[in-house]
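*Asks:* Here it is, the structure in full.
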Amino acid sequence: MNHQKKQNHTNNVMKNLPADERPYEKCEQYGPHVLTDEELLAVILRTGTRGTNSLELAREIMNVCPFESGITGLLHVTLPELKELNGVGKVKACQILCIGELSKRISMRGARKLLDFRRPETIADYYMERLRHEEQEIVICMMLDTKNHLLGEAELTRGTVNQSLLSPRELFVSALSYHAVQLILVHNHPSGDPSPSREDIRITERIASAGKIIGIPLIDHLVIGDRKYTSFMESGLMGDILSRC
């Protein structure tokens with residue numbers, strides 16, 4: 001009964017808004033493209049809490065992330081952080097996290113159709129939304145067949161990238177299991193700056209050298225930053241490394 005009273009109160013708060021400011025009515029009349037980020041989130045949340053409508057709650061949620069507010073901040077919040085907000089329980093918190101994951105997957109699905117392994121920018125586009133928001137470094141190995149088709153990928157490490165954590169043995173075990181004939185490494189820099197570090201170069205040399213011996217060459221290493229990337233192949237670093245192997 002108390003829950004019903006709370007729900008009715010919240011609905012009444014939203015009904016006090018002018019019709020052209022209510023997210024549901026705006027979406028129905030004009031389409032979702034006219035909604036602000038807060039209004040889109042409010043529609044998904046459906047309800048607010050006592051004294052706070054879903055639109056006000058959406059605004060609070062978008063300011064949870066301490067270093068990036070707004071819609072992209074949702075990609076950095078955790079379940080416990082969301083549940084600390086008044087009016088956000090387990091269900092709403094999970095809904096919000098799933099919104100972020102859906103946005104990443106939609107972005108990757110569209111970019112996958114444009115993948116061309118001779119053009120590093122298409123690889124960067126494919127991984128950009130997945131990796132640029134990550135707060136840890138993640139190393140991914142892309143495995144290709146003889147026709148430069150993507151056979152699969154393997155996440156090799158998560159955390160600080162260094163030679164002790166990144167094992168060529170594990171990488172090439174995965175590559176052999178996929179019958180890969182070429183490899184591409186991809187990893188992110190949470191700082192947003194995709195400039196390769198000395199450690200990045202040393203790791204690339206180590207993997208390229210092992211690949212040359214095994215017969216599965218490493219053809220590129222991409223470092224993903226914030227809407228920027230560096231390709232070892234494009235920059236000439238890959239050629240220098242291979243000449244030393």
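We name chains A, B, ... following the order of the structure tokens; residues begin at 1 in each chain, and ligands are numbered from 1 as shown.
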Counting only C-alpha atoms, which residues of range 53-152 of chain A sit at most 9 Å from some atom of range 228-243 of chain A, and what is each one's closest atom pair with its distance in Å to one decimal, listed by chain and rising residue number, as a Markdown table?
*Replies:*
| residue | atom | partner | partner_atom | distance |
| --- | --- | --- | --- | --- |
| A:Arg119 | CA | A:Glu234 | CA | 8.9 |
| A:Pro120 | CA | A:Ser231 | CA | 6.5 |
| A:Glu121 | CA | A:Tyr229 | CA | 8.1 |
| A:Ala124 | CA | A:Tyr229 | CA | 6.5 |
| A:Met128 | CA | A:Lys228 | CA | 8.3 |
| A:Arg132 | CA | A:Lys228 | CA | 8.9 |
*Asks:* Put those residues in a file: N, CA, C and O atoms, as a PDB file, in the first residue's frame.
*Replies:*
ATOM      1  N   ARG A 119      43.539  -1.182 -43.158  1.00  0.00           N
ATOM      2  CA  ARG A 119      43.263   0.198 -42.753  1.00  0.00           C
ATOM      3  C   ARG A 119      43.089   0.256 -41.234  1.00  0.00           C
ATOM      4  O   ARG A 119      42.014  -0.050 -40.709  1.00  0.00           O
ATOM      5  N   PRO A 120      44.132   0.614 -40.498  1.00  0.00           N
ATOM      6  CA  PRO A 120      44.062   0.613 -39.033  1.00  0.00           C
ATOM      7  C   PRO A 120      42.933   1.467 -38.457  1.00  0.00           C
ATOM      8  O   PRO A 120      42.437   1.179 -37.361  1.00  0.00           O
ATOM      9  N   GLU A 121      42.523   2.511 -39.193  1.00  0.00           N
ATOM     10  CA  GLU A 121      41.454   3.362 -38.643  1.00  0.00           C
ATOM     11  C   GLU A 121      40.152   2.592 -38.463  1.00  0.00           C
ATOM     12  O   GLU A 121      39.357   2.905 -37.571  1.00  0.00           O
ATOM     13  N   ALA A 124      40.503   0.765 -35.194  1.00  0.00           N
ATOM     14  CA  ALA A 124      40.329   1.724 -34.099  1.00  0.00           C
ATOM     15  C   ALA A 124      38.859   2.057 -33.901  1.00  0.00           C
ATOM     16  O   ALA A 124      38.372   2.133 -32.763  1.00  0.00           O
ATOM     17  N   MET A 128      36.961   1.497 -30.396  1.00  0.00           N
ATOM     18  CA  MET A 128      37.010   2.779 -29.703  1.00  0.00           C
ATOM     19  C   MET A 128      36.020   2.875 -28.549  1.00  0.00           C
ATOM     20  O   MET A 128      36.399   3.188 -27.410  1.00  0.00           O
ATOM     21  N   ARG A 132      37.777   3.054 -24.943  1.00  0.00           N
ATOM     22  CA  ARG A 132      38.201   4.393 -24.538  1.00  0.00           C
ATOM     23  C   ARG A 132      37.650   4.809 -23.176  1.00  0.00           C
ATOM     24  O   ARG A 132      38.184   5.723 -22.535  1.00  0.00           O
TER      25      ARG A 132
END
*Asks:* So which bits of range 86-212 of chain A end up strand (DSSP E) when you DSSP the backbone, as JSON, numbers by chain?
*Replies:* {"A": [138, 139, 140, 141, 142, 143, 144, 150, 151, 152, 153, 154, 155, 156, 157, 158, 182, 183, 184, 185, 186, 187, 188]}
*Asks:* Dump C-alpha atoms for the selected residues as an mmCIF file, in the first residue's frame?
*Replies:*
data_model
loop_
_atom_site.group_PDB
_atom_site.id
_atom_site.type_symbol
_atom_site.label_atom_id
_atom_site.label_comp_id
_atom_site.auth_asym_id
_atom_site.auth_seq_id
_atom_site.Cartn_x
_atom_site.Cartn_y
_atom_site.Cartn_z
ATOM 1 C CA ILE A 138 43.162 -4.150 -21.602
ATOM 2 C CA VAL A 139 45.163 -6.088 -24.188
ATOM 3 C CA ILE A 140 43.278 -7.853 -26.963
ATOM 4 C CA CYS A 141 44.680 -10.089 -29.678
ATOM 5 C CA MET A 142 42.833 -10.214 -33.009
ATOM 6 C CA MET A 143 43.376 -13.419 -34.971
ATOM 7 C CA LEU A 144 43.111 -13.437 -38.764
ATOM 8 C CA LEU A 150 38.640 -12.022 -38.274
ATOM 9 C CA LEU A 151 38.553 -15.514 -36.773
ATOM 10 C CA GLY A 152 38.184 -14.321 -33.204
ATOM 11 C CA GLU A 153 39.754 -12.310 -30.415
ATOM 12 C CA ALA A 154 41.228 -13.062 -27.014
ATOM 13 C CA GLU A 155 41.561 -10.744 -24.039
ATOM 14 C CA LEU A 156 45.096 -11.352 -22.805
ATOM 15 C CA THR A 157 45.452 -9.091 -19.785
ATOM 16 C CA ARG A 158 43.503 -6.532 -17.795
ATOM 17 C CA GLN A 182 48.325 -13.299 -38.645
ATOM 18 C CA LEU A 183 47.841 -11.337 -35.440
ATOM 19 C CA ILE A 184 47.027 -7.769 -34.431
ATOM 20 C CA LEU A 185 47.385 -6.475 -30.879
ATOM 21 C CA VAL A 186 45.048 -3.794 -29.541
ATOM 22 C CA HIS A 187 45.194 -2.137 -26.150
ATOM 23 C CA ASN A 188 43.995 1.078 -24.545
#
*Asks:* Enter the distance from CA of Leu74 in chain A to CA of Gly89 in chain A, in Å, rounded to one decimal.
*Replies:*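 Answer for the CA of Leu74 in chain A to CA of Gly89 in chain A separation: 15.7 Å.
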*Asks:* Interatomic distance between CA of Asp145 in chain A and CA of His179 in chain A?
*Replies:*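 Distance between the two atoms: 7.3 Å.
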*Asks:* Residues near range 58-68 of chain A, anyone? I mean within 10 Å using only C-alpha atoms, not counting same-chain ones fewer than 3 positions away, as a PyMOL selection string.
*Replies:* chain A and resi 37-45+47-48+52-55+71-78+81-82+84-86+88+93+96
*Asks:* Nearest to Leu102 in chain A among A:Arg198, A:His221, A:Arg130, A:Arg118, with distances taken over only C-alpha atoms: which residue is it?
*Replies:*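 Selected residue with least distance to Leu102 in chain A: A:Arg130.
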*Asks:* Write out as a PyMOL selection string all residues of chain A that backbone DSSP assigns to helix (DSSP H, G or I).
*Replies:* chain A and resi 2-15+19-21+23-30+32-34+37-45+54-61+71-75+79-83+90-112+120-131+168-177+198-214+232-235+237-244
*Asks:* Using CA of Leu115 in chain A and CA of Pro217 in chain A as the two end points, give the distance in Å to one decimal.
*Replies:* 19.3 Å
*Asks:* With distances taken over only C-alpha atoms, which of A:Gln136, A:Glu25, A:Asp125, A:Val91 is nearest to Arg109 in chain A?
*Replies:* A:Asp125
*Asks:* For the contact check between range 139-188 of chain A and range 205-213 of chain A, emit one row per residue of range 139-188 of chain A within 9 Å, containing the shortest atom pair and the distance in Å rounded to one decimal, counting only C-alpha atoms, chain then rising number order, as a tab-separated table.
*Replies:*
residue	atom	partner	partner_atom	distance
A:Gln163	CA	A:Arg206	CA	8.4
A:Ser167	CA	A:Ile207	CA	8.7
A:Pro168	CA	A:Ile207	CA	6.0
A:Arg169	CA	A:Ala210	CA	8.9
A:Leu171	CA	A:Ile207	CA	8.6
A:Phe172	CA	A:Gly211	CA	7.9
A:Gln182	CA	A:Gly211	CA	8.7
A:Leu183	CA	A:Gly211	CA	8.6
*Asks:* Okay, now the selection with C-alpha atoms, as a short mmCIF file (atom, residue, chain, number, x, y, z; two decimals), in the first residue's frame?
*Replies:*
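Saved file again_12.cif follows:
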data_model
loop_
_atom_site.label_atom_id
_atom_site.label_comp_id
_atom_site.auth_asym_id
_atom_site.auth_seq_id
_atom_site.Cartn_x
_atom_site.Cartn_y
_atom_site.Cartn_z
CA GLN A 163 55.98 -8.09 -20.04
CA SER A 167 52.64 -14.06 -21.92
CA PRO A 168 53.51 -14.84 -25.57
CA ARG A 169 52.84 -18.49 -24.78
CA LEU A 171 48.81 -15.57 -26.90
CA PHE A 172 50.10 -18.14 -29.38
CA GLN A 182 48.33 -13.30 -38.65
CA LEU A 183 47.84 -11.34 -35.44
#
*Asks:* Using only C-alpha atoms, which protein or nucleic acid residues come within 12 Å of Ser191 in chain A? Drop anything in the same chain fewer than 4 positions from it, and give the result as a VMD selection string.
*Replies:* chain A and resid 131 to 137 195 to 196 223 to 228
*Asks:* Which residue, A:Asp220, A:Ser174, A:Arg202, A:His149, has the smallest gap to Arg244 in chain A when you use only C-alpha atoms?
*Replies:* A:Arg202
